[in-house]
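Source file: entry_36.csv. Holds: CSV, N, CA and C atoms.
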chain,number,residue,atom,x,y,z
A,27,MET,N,-19.0,6.1,15.5
A,27,MET,CA,-18.2,5.0,15.2
A,27,MET,C,-16.7,5.4,15.4
A,28,TYR,N,-16.0,4.5,16.0
A,28,TYR,CA,-14.6,4.7,16.3
A,28,TYR,C,-13.7,4.3,15.1
A,29,HIS,N,-12.9,5.2,14.6
A,29,HIS,CA,-12.0,4.8,13.5
A,29,HIS,C,-10.6,5.0,14.0
A,30,HIS,N,-9.7,4.1,13.6
A,30,HIS,CA,-8.4,4.2,14.1
A,30,HIS,C,-7.4,3.9,12.9
A,31,TRP,N,-6.6,4.9,12.5
A,31,TRP,CA,-5.7,4.8,11.4
A,31,TRP,C,-4.3,4.7,12.0
A,32,ARG,N,-3.5,3.8,11.6
A,32,ARG,CA,-2.1,3.7,12.1
A,32,ARG,C,-1.2,3.2,11.1
A,33,ASN,N,0.0,3.7,11.1
A,33,ASN,CA,1.1,3.1,10.3
A,33,ASN,C,1.9,2.4,11.4
A,34,THR,N,1.7,1.1,11.5
A,34,THR,CA,2.2,0.3,12.6
A,34,THR,C,3.1,-0.8,12.3
A,35,THR,N,3.7,-1.4,13.3
A,35,THR,CA,4.4,-2.7,13.1
A,35,THR,C,3.4,-3.7,13.7
A,36,THR,N,3.6,-4.9,13.2
A,36,THR,CA,2.7,-6.0,13.7
A,36,THR,C,3.5,-7.0,14.5
A,37,LYS,N,2.8,-7.9,15.1
A,37,LYS,CA,3.5,-9.0,15.8
A,37,LYS,C,3.9,-10.1,14.9
A,38,TYR,N,3.8,-9.9,13.6
A,38,TYR,CA,4.2,-10.9,12.6
A,38,TYR,C,5.3,-10.4,11.8
A,39,PRO,N,6.5,-10.3,12.3
A,39,PRO,CA,7.7,-9.8,11.5
A,39,PRO,C,7.9,-10.3,10.1
A,40,PRO,N,7.7,-11.6,9.9
A,40,PRO,CA,8.0,-12.1,8.5
A,40,PRO,C,6.9,-11.6,7.5
A,41,TYR,N,5.8,-11.2,8.1
A,41,TYR,CA,4.7,-10.8,7.2
A,41,TYR,C,4.4,-9.3,7.3
A,42,ARG,N,5.3,-8.6,7.9
A,42,ARG,CA,5.1,-7.2,8.2
A,42,ARG,C,5.3,-6.4,6.9
A,43,PRO,N,4.2,-5.7,6.4
A,43,PRO,CA,4.4,-4.8,5.2
A,43,PRO,C,5.4,-3.7,5.5
A,44,LYS,N,6.2,-3.3,4.5
A,44,LYS,CA,7.1,-2.2,4.7
A,44,LYS,C,6.3,-0.9,4.8
A,45,THR,N,5.3,-0.7,3.9
A,45,THR,CA,4.5,0.5,3.9
A,45,THR,C,3.1,0.0,4.0
A,46,ARG,N,2.4,0.3,5.1
A,46,ARG,CA,1.0,-0.1,5.3
A,46,ARG,C,0.3,0.7,6.2
A,47,TYR,N,-1.0,0.7,6.0
A,47,TYR,CA,-1.9,1.4,6.9
A,47,TYR,C,-3.0,0.4,7.4
A,48,HIS,N,-3.2,0.4,8.7
A,48,HIS,CA,-4.2,-0.5,9.2
A,48,HIS,C,-5.4,0.4,9.6
A,49,HIS,N,-6.5,0.1,9.2
A,49,HIS,CA,-7.7,0.9,9.6
A,49,HIS,C,-8.6,-0.1,10.4
A,50,TYR,N,-8.9,0.3,11.6
A,50,TYR,CA,-9.6,-0.6,12.5
A,50,TYR,C,-10.9,0.1,12.9
A,51,GLN,N,-12.0,-0.6,12.7
A,51,GLN,CA,-13.3,-0.1,13.0
A,51,GLN,C,-13.8,-0.9,14.2
A,52,GLN,N,-13.9,-0.3,15.4
A,52,GLN,CA,-14.1,-1.1,16.6
A,52,GLN,C,-15.5,-1.8,16.6
A,53,TYR,N,-16.5,-1.1,16.2
A,53,TYR,CA,-17.9,-1.7,16.3
A,53,TYR,C,-18.2,-2.6,15.1
A,54,GLN,N,-17.5,-2.5,14.0
A,54,GLN,CA,-17.7,-3.4,12.9
A,54,GLN,C,-16.7,-4.6,13.0
A,55,LYS,N,-15.8,-4.5,13.9
A,55,LYS,CA,-14.7,-5.6,13.9
A,55,LYS,C,-14.1,-5.8,12.5
A,56,SER,N,-13.7,-4.7,11.9
A,56,SER,CA,-13.1,-4.8,10.6
A,56,SER,C,-11.7,-4.2,10.5
A,57,VAL,N,-10.8,-4.8,9.9
A,57,VAL,CA,-9.5,-4.3,9.7
A,57,VAL,C,-9.2,-4.2,8.2
A,58,HIS,N,-8.6,-3.1,7.8
A,58,HIS,CA,-8.2,-2.9,6.4
A,58,HIS,C,-6.7,-2.7,6.4
A,59,VAL,N,-6.0,-3.6,5.6
A,59,VAL,CA,-4.6,-3.5,5.5
A,59,VAL,C,-4.3,-3.1,4.1
A,60,ILE,N,-3.5,-2.0,3.9
A,60,ILE,CA,-3.2,-1.5,2.6
A,60,ILE,C,-1.7,-1.5,2.4
A,61,GLU,N,-1.2,-2.2,1.3
A,61,GLU,CA,0.2,-2.3,1.1
A,61,GLU,C,0.5,-1.7,-0.3
A,62,LEU,N,1.5,-0.8,-0.4
A,62,LEU,CA,1.8,-0.2,-1.7
A,62,LEU,C,3.2,-0.7,-2.1
A,63,THR,N,3.3,-1.2,-3.4
A,63,THR,CA,4.6,-1.7,-3.9
A,63,THR,C,4.8,-0.9,-5.3
A,64,VAL,N,6.1,-0.6,-5.6
A,64,VAL,CA,6.4,0.0,-6.9
A,64,VAL,C,7.4,-0.9,-7.7
A,65,PRO,N,6.9,-1.9,-8.4
A,65,PRO,CA,7.7,-2.7,-9.2
A,65,PRO,C,7.9,-2.2,-10.6
A,66,PHE,N,8.8,-2.8,-11.4
A,66,PHE,CA,8.9,-2.5,-12.8
A,66,PHE,C,7.6,-3.0,-13.4
A,67,GLU,N,7.1,-2.3,-14.5
A,67,GLU,CA,5.8,-2.6,-15.1
A,67,GLU,C,5.6,-4.1,-15.4
A,68,THR,N,6.6,-4.7,-16.0
A,68,THR,CA,6.5,-6.1,-16.4
A,68,THR,C,6.3,-7.1,-15.2
A,69,ASN,N,6.6,-6.6,-14.0
A,69,ASN,CA,6.5,-7.4,-12.8
A,69,ASN,C,5.3,-7.1,-11.9
A,70,ILE,N,4.4,-6.3,-12.4
A,70,ILE,CA,3.2,-5.8,-11.5
A,70,ILE,C,2.4,-7.0,-11.0
A,71,GLN,N,2.0,-7.9,-11.9
A,71,GLN,CA,1.2,-9.0,-11.5
A,71,GLN,C,2.0,-10.0,-10.6
A,72,LYS,N,3.2,-10.2,-10.9
A,72,LYS,CA,4.0,-11.1,-10.0
A,72,LYS,C,4.2,-10.4,-8.6
A,73,ALA,N,4.4,-9.1,-8.6
A,73,ALA,CA,4.5,-8.5,-7.3
A,73,ALA,C,3.2,-8.6,-6.5
A,74,HIS,N,2.1,-8.4,-7.2
A,74,HIS,CA,0.8,-8.5,-6.5
A,74,HIS,C,0.6,-9.9,-5.9
A,75,ASP,N,0.9,-10.9,-6.7
A,75,ASP,CA,0.7,-12.3,-6.3
A,75,ASP,C,1.7,-12.6,-5.1
A,76,THR,N,2.9,-12.1,-5.2
A,76,THR,CA,3.8,-12.3,-4.1
A,76,THR,C,3.3,-11.7,-2.8
A,77,LYS,N,2.8,-10.5,-2.9
A,77,LYS,CA,2.3,-9.8,-1.7
A,77,LYS,C,1.1,-10.4,-1.1
A,78,MET,N,0.2,-10.9,-2.0
A,78,MET,CA,-1.0,-11.5,-1.5
A,78,MET,C,-0.6,-12.8,-0.7
A,79,SER,N,0.3,-13.6,-1.3
A,79,SER,CA,0.7,-14.9,-0.6
A,79,SER,C,1.5,-14.6,0.6
A,80,ARG,N,2.3,-13.5,0.6
A,80,ARG,CA,3.1,-13.2,1.8
A,80,ARG,C,2.2,-12.9,3.0
A,81,TYR,N,1.1,-12.2,2.8
A,81,TYR,CA,0.2,-11.8,3.9
A,81,TYR,C,-0.9,-12.7,4.1
A,82,GLU,N,-0.9,-13.8,3.5
A,82,GLU,CA,-2.0,-14.8,3.6
A,82,GLU,C,-2.2,-15.2,5.1
A,83,ASN,N,-1.0,-15.5,5.8
A,83,ASN,CA,-1.1,-15.9,7.2
A,83,ASN,C,-1.6,-14.8,8.1
A,84,LEU,N,-1.1,-13.6,7.8
A,84,LEU,CA,-1.6,-12.5,8.6
A,84,LEU,C,-3.1,-12.3,8.4
A,85,HIS,N,-3.6,-12.4,7.2
A,85,HIS,CA,-5.0,-12.3,6.9
A,85,HIS,C,-5.8,-13.3,7.6
A,86,SER,N,-5.3,-14.6,7.6
A,86,SER,CA,-6.0,-15.7,8.3
A,86,SER,C,-6.0,-15.5,9.8
A,87,ASP,N,-4.9,-15.0,10.4
A,87,ASP,CA,-4.8,-14.8,11.8
A,87,ASP,C,-5.8,-13.7,12.3
A,88,ILE,N,-5.9,-12.6,11.5
A,88,ILE,CA,-6.8,-11.5,11.9
A,88,ILE,C,-8.3,-12.1,11.8
A,89,LYS,N,-8.6,-12.9,10.8
A,89,LYS,CA,-9.9,-13.4,10.7
A,89,LYS,C,-10.2,-14.4,11.8
A,90,GLN,N,-9.2,-15.2,12.3
A,90,GLN,CA,-9.4,-16.1,13.4
A,90,GLN,C,-9.7,-15.4,14.7
A,91,GLU,N,-9.3,-14.1,14.8
A,91,GLU,CA,-9.5,-13.3,16.0
A,91,GLU,C,-10.9,-12.7,15.9
A,92,GLY,N,-11.7,-13.0,14.9
A,92,GLY,CA,-13.1,-12.6,14.8
A,92,GLY,C,-13.3,-11.3,14.1
A,93,PHE,N,-12.3,-10.8,13.3
A,93,PHE,CA,-12.4,-9.6,12.6
A,93,PHE,C,-12.6,-9.9,11.1
A,94,LYS,N,-13.3,-9.0,10.4
A,94,LYS,CA,-13.3,-9.0,8.9
A,94,LYS,C,-11.9,-8.4,8.5
A,95,CYS,N,-11.3,-9.0,7.6
A,95,CYS,CA,-10.0,-8.5,7.2
A,95,CYS,C,-10.0,-8.2,5.7
A,96,HIS,N,-9.7,-7.0,5.3
A,96,HIS,CA,-9.6,-6.6,3.9
A,96,HIS,C,-8.2,-6.2,3.6
A,97,LEU,N,-7.6,-7.0,2.7
A,97,LEU,CA,-6.2,-6.8,2.4
A,97,LEU,C,-6.1,-6.3,0.9
A,98,ASN,N,-5.6,-5.1,0.8
A,98,ASN,CA,-5.5,-4.4,-0.5
A,98,ASN,C,-4.0,-4.2,-0.8
A,99,CYS,N,-3.5,-5.0,-1.7
A,99,CYS,CA,-2.1,-4.9,-2.2
A,99,CYS,C,-2.2,-4.1,-3.5
A,100,ILE,N,-1.6,-2.9,-3.5
A,100,ILE,CA,-1.6,-2.0,-4.7
A,100,ILE,C,-0.2,-1.9,-5.2
A,101,GLU,N,-0.1,-2.0,-6.6
A,101,GLU,CA,1.1,-1.9,-7.2
A,101,GLU,C,1.0,-0.7,-8.3
A,102,ILE,N,2.0,0.2,-8.2
A,102,ILE,CA,2.1,1.3,-9.2
A,102,ILE,C,3.4,1.0,-9.9
A,103,GLY,N,3.4,1.0,-11.2
A,103,GLY,CA,4.6,0.7,-11.9
A,103,GLY,C,5.7,1.8,-11.7
A,104,SER,N,6.9,1.4,-11.8
A,104,SER,CA,8.0,2.4,-11.5
A,104,SER,C,8.1,3.5,-12.5
A,105,ARG,N,7.5,3.3,-13.7
A,105,ARG,CA,7.4,4.3,-14.7
A,105,ARG,C,6.0,5.0,-14.7
A,106,GLY,N,5.2,4.7,-13.6
A,106,GLY,CA,3.9,5.4,-13.4
A,106,GLY,C,2.7,4.7,-13.9
A,107,LEU,N,2.8,3.4,-14.3
A,107,LEU,CA,1.6,2.7,-14.8
A,107,LEU,C,0.7,2.3,-13.6
A,108,VAL,N,-0.6,2.7,-13.8
A,108,VAL,CA,-1.6,2.2,-12.9
A,108,VAL,C,-2.5,1.3,-13.7
A,109,THR,N,-2.5,0.0,-13.4
A,109,THR,CA,-3.3,-0.9,-14.2
A,109,THR,C,-4.8,-0.8,-13.8
A,110,ALA,N,-5.7,-1.3,-14.6
A,110,ALA,CA,-7.1,-1.3,-14.3
A,110,ALA,C,-7.4,-2.0,-13.0
A,111,ASP,N,-6.7,-3.1,-12.7
A,111,ASP,CA,-6.9,-3.8,-11.4
A,111,ASP,C,-6.5,-2.9,-10.3
A,112,ASN,N,-5.5,-2.2,-10.4
A,112,ASN,CA,-5.1,-1.3,-9.3
A,112,ASN,C,-5.9,-0.1,-9.2
A,113,THR,N,-6.5,0.4,-10.3
A,113,THR,CA,-7.5,1.5,-10.2
A,113,THR,C,-8.7,1.0,-9.4
A,114,GLU,N,-9.1,-0.3,-9.7
A,114,GLU,CA,-10.3,-0.8,-8.9
A,114,GLU,C,-9.9,-1.0,-7.4
A,115,ARG,N,-8.7,-1.4,-7.1
A,115,ARG,CA,-8.3,-1.5,-5.7
A,115,ARG,C,-8.3,-0.2,-5.0
A,116,LEU,N,-7.8,0.8,-5.7
A,116,LEU,CA,-7.8,2.2,-5.1
A,116,LEU,C,-9.2,2.7,-4.9
A,117,SER,N,-10.1,2.4,-5.8
A,117,SER,CA,-11.5,2.7,-5.6
A,117,SER,C,-12.1,2.0,-4.4
A,118,GLU,N,-11.8,0.7,-4.3
A,118,GLU,CA,-12.2,-0.1,-3.1
A,118,GLU,C,-11.8,0.6,-1.8
A,119,VAL,N,-10.6,1.0,-1.8
A,119,VAL,CA,-10.1,1.7,-0.6
A,119,VAL,C,-10.9,3.0,-0.3
A,120,PHE,N,-11.2,3.7,-1.3
A,120,PHE,CA,-12.0,5.0,-1.1
A,120,PHE,C,-13.4,4.6,-0.7
A,121,ARG,N,-14.0,3.5,-1.2
A,121,ARG,CA,-15.3,3.2,-0.8
A,121,ARG,C,-15.4,2.9,0.7
A,122,PHE,N,-14.4,2.2,1.2
A,122,PHE,CA,-14.6,1.8,2.7
A,122,PHE,C,-14.3,3.0,3.6
A,123,ILE,N,-13.6,4.0,3.1
A,123,ILE,CA,-13.4,5.2,3.9
A,123,ILE,C,-14.4,6.3,3.6
A,124,GLY,N,-15.3,6.0,2.7
A,124,GLY,CA,-16.4,6.9,2.4
A,124,GLY,C,-16.0,8.1,1.5
A,125,GLY,N,-15.0,7.9,0.7
A,125,GLY,CA,-14.5,9.0,-0.1
A,125,GLY,C,-15.2,9.1,-1.5
A,126,ARG,N,-15.0,10.1,-2.2
A,126,ARG,CA,-15.6,10.3,-3.5
A,126,ARG,C,-14.8,9.5,-4.5
A,127,SER,N,-15.5,9.0,-5.6
A,127,SER,CA,-14.9,8.1,-6.6
A,127,SER,C,-13.8,8.9,-7.3
A,128,ASN,N,-14.0,10.2,-7.5
A,128,ASN,CA,-13.0,11.0,-8.3
A,128,ASN,C,-11.7,11.2,-7.4
A,129,SER,N,-11.8,11.0,-6.1
A,129,SER,CA,-10.7,11.1,-5.2
A,129,SER,C,-9.7,9.9,-5.5
A,130,SER,N,-10.2,8.8,-5.8
A,130,SER,CA,-9.3,7.6,-6.2
A,130,SER,C,-8.6,7.9,-7.5
A,131,LYS,N,-9.2,8.5,-8.4
A,131,LYS,CA,-8.6,8.9,-9.7
A,131,LYS,C,-7.4,9.9,-9.4
A,132,THR,N,-7.7,10.9,-8.6
A,132,THR,CA,-6.7,11.8,-8.2
A,132,THR,C,-5.5,11.2,-7.5
A,133,LEU,N,-5.8,10.2,-6.6
A,133,LEU,CA,-4.8,9.5,-5.9
A,133,LEU,C,-3.9,8.7,-6.9
A,134,ALA,N,-4.6,8.0,-7.8
A,134,ALA,CA,-3.9,7.2,-8.8
A,134,ALA,C,-2.9,8.1,-9.6
A,135,LYS,N,-3.4,9.3,-10.0
A,135,LYS,CA,-2.5,10.2,-10.8
A,135,LYS,C,-1.3,10.6,-9.9
A,136,ASP,N,-1.6,11.0,-8.6
A,136,ASP,CA,-0.6,11.4,-7.7
A,136,ASP,C,0.5,10.3,-7.5
A,137,LEU,N,0.0,9.1,-7.3
A,137,LEU,CA,0.9,8.0,-7.0
A,137,LEU,C,1.7,7.7,-8.3
A,138,SER,N,1.1,7.8,-9.4
A,138,SER,CA,1.8,7.6,-10.7
A,138,SER,C,2.9,8.6,-10.9
A,139,LYS,N,2.6,9.9,-10.6
A,139,LYS,CA,3.6,10.9,-10.7
A,139,LYS,C,4.8,10.7,-9.7
A,140,LEU,N,4.4,10.4,-8.5
A,140,LEU,CA,5.4,10.2,-7.5
A,140,LEU,C,6.3,9.0,-7.8
A,141,ALA,N,5.8,7.9,-8.4
A,141,ALA,CA,6.6,6.8,-8.7
A,141,ALA,C,7.6,7.2,-9.8
A,142,VAL,N,7.2,8.0,-10.8
A,142,VAL,CA,8.1,8.4,-11.9
A,142,VAL,C,9.2,9.3,-11.3
A,143,ILE,N,8.8,10.2,-10.5
A,143,ILE,CA,9.8,11.1,-9.9
A,143,ILE,C,10.8,10.4,-9.0
A,144,CYS,N,10.3,9.5,-8.2
A,144,CYS,CA,11.2,8.7,-7.3
A,144,CYS,C,12.1,7.8,-8.2
A,145,SER,N,11.6,7.1,-9.2
A,145,SER,CA,12.4,6.3,-10.1
A,145,SER,C,13.5,7.1,-10.8
A,146,TYR,N,13.1,8.3,-11.2
A,146,TYR,CA,14.1,9.1,-11.9
A,146,TYR,C,15.2,9.6,-10.9
A,147,SER,N,14.8,9.9,-9.7
A,147,SER,CA,15.8,10.2,-8.6
A,147,SER,C,16.7,9.1,-8.3
A,148,ILE,N,16.2,7.9,-8.2
A,148,ILE,CA,17.0,6.7,-8.0
A,148,ILE,C,18.0,6.5,-9.1
A,149,TRP,N,17.5,6.6,-10.4
A,149,TRP,CA,18.4,6.5,-11.5
A,149,TRP,C,19.5,7.5,-11.5
A,150,ASN,N,19.2,8.8,-11.2
A,150,ASN,CA,20.2,9.8,-11.1
A,150,ASN,C,21.2,9.6,-10.1
A,151,ALA,N,20.8,8.9,-9.0
A,151,ALA,CA,21.7,8.7,-7.9
A,151,ALA,C,22.4,7.3,-7.9
A,152,ARG,N,22.3,6.6,-9.0
A,152,ARG,CA,22.8,5.3,-9.1
A,152,ARG,C,24.3,5.1,-8.9
A,153,ASN,N,25.0,6.2,-9.1
A,153,ASN,CA,26.5,6.1,-8.9
A,153,ASN,C,26.9,6.7,-7.6
A,154,GLU,N,26.0,7.2,-6.8
A,154,GLU,CA,26.3,7.9,-5.5
A,154,GLU,C,26.7,6.8,-4.5
A,155,PRO,N,27.8,7.0,-3.7
A,155,PRO,CA,28.2,6.0,-2.7
A,155,PRO,C,27.2,5.9,-1.6
A,156,ASN,N,26.5,7.0,-1.2
A,156,ASN,CA,25.5,7.0,-0.2
A,156,ASN,C,24.5,8.1,-0.5
A,157,TRP,N,23.4,8.1,0.2
A,157,TRP,CA,22.3,9.0,0.0
A,157,TRP,C,22.1,9.9,1.2
A,158,ASP,N,23.0,10.0,2.1
A,158,ASP,CA,22.8,10.7,3.3
A,158,ASP,C,22.4,12.1,3.2
A,159,SER,N,23.0,12.8,2.2
A,159,SER,CA,22.7,14.2,2.0
A,159,SER,C,21.9,14.5,0.8
A,160,ALA,N,21.1,13.6,0.4
A,160,ALA,CA,20.2,13.8,-0.8
A,160,ALA,C,19.2,14.8,-0.5
A,161,PRO,N,18.9,15.8,-1.5
A,161,PRO,CA,17.9,16.8,-1.2
A,161,PRO,C,16.5,16.2,-1.3
A,162,TYR,N,15.5,16.8,-0.7
A,162,TYR,CA,14.1,16.4,-0.8
A,162,TYR,C,13.7,16.5,-2.3
A,163,LEU,N,12.8,15.7,-2.7
A,163,LEU,CA,12.2,15.8,-4.0
A,163,LEU,C,11.2,16.9,-4.1
A,164,LYS,N,11.1,17.6,-5.2
A,164,LYS,CA,10.1,18.6,-5.4
A,164,LYS,C,9.0,18.0,-6.2
A,165,VAL,N,7.9,17.9,-5.7
A,165,VAL,CA,6.7,17.2,-6.4
A,165,VAL,C,5.8,18.2,-6.8
File written out as structure tokens:
Amino acid sequence: MYHHWRNTTTKYPPYRPKTRYHHYQQYQKSVHVIELTVPFETNIQKAHDTKMSRYENLHSDIKQEGFKCHLNCIEIGSRGLVTADNTERLSEVFRFIGGRSNSSKTLAKDLSKLAVICSYSIWNARNEPNWDSAPYLKV
């Protein structure tokens, strides 16, 4: 089976996810689009609804081309919250790539930690005029 993973741009600029991975399975005619967003915790559901509606046209266009399209919009709170819905979405992503279920739990913990570290770094740099020489984060 041919698998193709890409971090790509699409021909749909208004619907182009900022961070996304397309997984294309040639023989199954299946496309998986994964979008990650890091909103404040009180806005997780709103961010999910916004992303799902934003990519509705892209999802429909892919299906009209004869492909199965799986759109997974995942939101991790800026303070590290991973909701039950997002835990299930991460598990779904691991199911289609054939991963172990405990791998999705590890990924959820890693994403949570990364969201907290990045949010803290953004807070610390809030008064900086530019971030051109910011050091890499130690994770």
Between A:Ala73, A:Asn150, A:Leu107, A:Phe122, single out the one closest to Asp136 in chain A, counting only C-alpha atoms.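 The answer is A:Leu107, which sits nearest to Asp136 in chain A.
Residues in contact with Leu116 in chain A at 6.5 Å, where all atoms listed in the file are counted and same-chain residues fewer than 5 positions away are skipped, are listed as A:Asp111, A:Arg121, A:Ser130.
Every protein, DNA or RNA residue with an atom at most 7 Å from range 76-85 of chain A, where only C-alpha atoms count and chain neighbours fewer than 4 positions away do not, is listed here: Tyr41, Lys72, Lys89, Cys95 and Cys99 of chain A.
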Take the point (-7.2, -2.0, -2.4) as written in the file and pick out every residue within 7 Å of it, counting all atoms listed in the file; give the list as a list of chain:residue names.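 The residues near that point, listed by chain and number, are A:Ile60, A:Leu97, A:Asn98, A:Cys99, A:Ile100, A:Glu114, A:Arg115, A:Leu116, A:Ser117, A:Glu118, A:Val119.
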Atom N of Ser56 in chain A to atom N of Phe120 in chain A: how many Å, to one decimal?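 Interatomic distance here is 15.8 Å.
Closest to Ile102 in chain A among A:Ile70, A:Asn156, A:Ile123, A:Gln90 is A:Ile70, based on only C-alpha atoms.
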Expected residue set, 12 Å radius at (9.4, 7.7, -8.0), only C-alpha atoms, as JSON, numbers by chain: {"A": [63, 64, 65, 66, 102, 103, 104, 105, 106, 107, 136, 137, 138, 139, 140, 141, 142, 143, 144, 145, 146, 147, 148, 149, 150, 163, 164, 165]}
If you run DSSP over the backbone, which residues in range 73-150 of chain A end up strand (DSSP E or B)? Put them as an MDAnalysis selection string. chainID A and resid 94:101
Using CA of Thr132 in chain A and CA of Leu62 in chain A as the two end points, give the distance in Å to one decimal.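 Distance reported for this atom pair: 16.1 Å.
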N, CA, C and O atoms are needed for range 97-115 of chain A; please write them out as an mmCIF file, in the frame of the given file.
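Okay, this is what ended up in part-v8.cif:
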data_model
loop_
_atom_site.group_PDB
_atom_site.id
_atom_site.type_symbol
_atom_site.label_atom_id
_atom_site.label_comp_id
_atom_site.auth_asym_id
_atom_site.auth_seq_id
_atom_site.Cartn_x
_atom_site.Cartn_y
_atom_site.Cartn_z
ATOM 1 N N LEU A 97 -7.600 -7.000 2.700
ATOM 2 C CA LEU A 97 -6.200 -6.800 2.400
ATOM 3 C C LEU A 97 -6.100 -6.300 0.900
ATOM 4 O O LEU A 97 -6.650 -6.868 0.007
ATOM 5 N N ASN A 98 -5.600 -5.100 0.800
ATOM 6 C CA ASN A 98 -5.500 -4.400 -0.500
ATOM 7 C C ASN A 98 -4.000 -4.200 -0.800
ATOM 8 O O ASN A 98 -3.343 -3.352 -0.232
ATOM 9 N N CYS A 99 -3.500 -5.000 -1.700
ATOM 10 C CA CYS A 99 -2.100 -4.900 -2.200
ATOM 11 C C CYS A 99 -2.200 -4.100 -3.500
ATOM 12 O O CYS A 99 -2.821 -4.555 -4.448
ATOM 13 N N ILE A 100 -1.600 -2.900 -3.500
ATOM 14 C CA ILE A 100 -1.600 -2.000 -4.700
ATOM 15 C C ILE A 100 -0.200 -1.900 -5.200
ATOM 16 O O ILE A 100 0.703 -1.654 -4.506
ATOM 17 N N GLU A 101 -0.100 -2.000 -6.600
ATOM 18 C CA GLU A 101 1.100 -1.900 -7.200
ATOM 19 C C GLU A 101 1.000 -0.700 -8.300
ATOM 20 O O GLU A 101 0.144 -0.754 -9.116
ATOM 21 N N ILE A 102 2.000 0.200 -8.200
ATOM 22 C CA ILE A 102 2.100 1.300 -9.200
ATOM 23 C C ILE A 102 3.400 1.000 -9.900
ATOM 24 O O ILE A 102 4.455 0.907 -9.234
ATOM 25 N N GLY A 103 3.400 1.000 -11.200
ATOM 26 C CA GLY A 103 4.600 0.700 -11.900
ATOM 27 C C GLY A 103 5.700 1.800 -11.700
ATOM 28 O O GLY A 103 5.359 2.949 -11.500
ATOM 29 N N SER A 104 6.900 1.400 -11.800
ATOM 30 C CA SER A 104 8.000 2.400 -11.500
ATOM 31 C C SER A 104 8.100 3.500 -12.500
ATOM 32 O O SER A 104 8.723 4.493 -12.299
ATOM 33 N N ARG A 105 7.500 3.300 -13.700
ATOM 34 C CA ARG A 105 7.400 4.300 -14.700
ATOM 35 C C ARG A 105 6.000 5.000 -14.700
ATOM 36 O O ARG A 105 5.594 5.642 -15.633
ATOM 37 N N GLY A 106 5.200 4.700 -13.600
ATOM 38 C CA GLY A 106 3.900 5.400 -13.400
ATOM 39 C C GLY A 106 2.700 4.700 -13.900
ATOM 40 O O GLY A 106 1.589 5.200 -13.765
ATOM 41 N N LEU A 107 2.800 3.400 -14.300
ATOM 42 C CA LEU A 107 1.600 2.700 -14.800
ATOM 43 C C LEU A 107 0.700 2.300 -13.600
ATOM 44 O O LEU A 107 1.150 1.750 -12.638
ATOM 45 N N VAL A 108 -0.600 2.700 -13.800
ATOM 46 C CA VAL A 108 -1.600 2.200 -12.900
ATOM 47 C C VAL A 108 -2.500 1.300 -13.700
ATOM 48 O O VAL A 108 -3.260 1.822 -14.543
ATOM 49 N N THR A 109 -2.500 0.000 -13.400
ATOM 50 C CA THR A 109 -3.300 -0.900 -14.200
ATOM 51 C C THR A 109 -4.800 -0.800 -13.800
ATOM 52 O O THR A 109 -5.161 -0.171 -12.761
ATOM 53 N N ALA A 110 -5.700 -1.300 -14.600
ATOM 54 C CA ALA A 110 -7.100 -1.300 -14.300
ATOM 55 C C ALA A 110 -7.400 -2.000 -13.000
ATOM 56 O O ALA A 110 -8.260 -1.561 -12.210
ATOM 57 N N ASP A 111 -6.700 -3.100 -12.700
ATOM 58 C CA ASP A 111 -6.900 -3.800 -11.400
ATOM 59 C C ASP A 111 -6.500 -2.900 -10.300
ATOM 60 O O ASP A 111 -7.253 -2.919 -9.250
ATOM 61 N N ASN A 112 -5.500 -2.200 -10.400
ATOM 62 C CA ASN A 112 -5.100 -1.300 -9.300
ATOM 63 C C ASN A 112 -5.900 -0.100 -9.200
ATOM 64 O O ASN A 112 -6.163 0.403 -8.066
ATOM 65 N N THR A 113 -6.500 0.400 -10.300
ATOM 66 C CA THR A 113 -7.500 1.500 -10.200
ATOM 67 C C THR A 113 -8.700 1.000 -9.400
ATOM 68 O O THR A 113 -9.216 1.728 -8.575
ATOM 69 N N GLU A 114 -9.100 -0.300 -9.700
ATOM 70 C CA GLU A 114 -10.300 -0.800 -8.900
ATOM 71 C C GLU A 114 -9.900 -1.000 -7.400
ATOM 72 O O GLU A 114 -10.732 -0.690 -6.551
ATOM 73 N N ARG A 115 -8.700 -1.400 -7.100
ATOM 74 C CA ARG A 115 -8.300 -1.500 -5.700
ATOM 75 C C ARG A 115 -8.300 -0.200 -5.000
ATOM 76 O O ARG A 115 -8.667 -0.083 -3.846
#
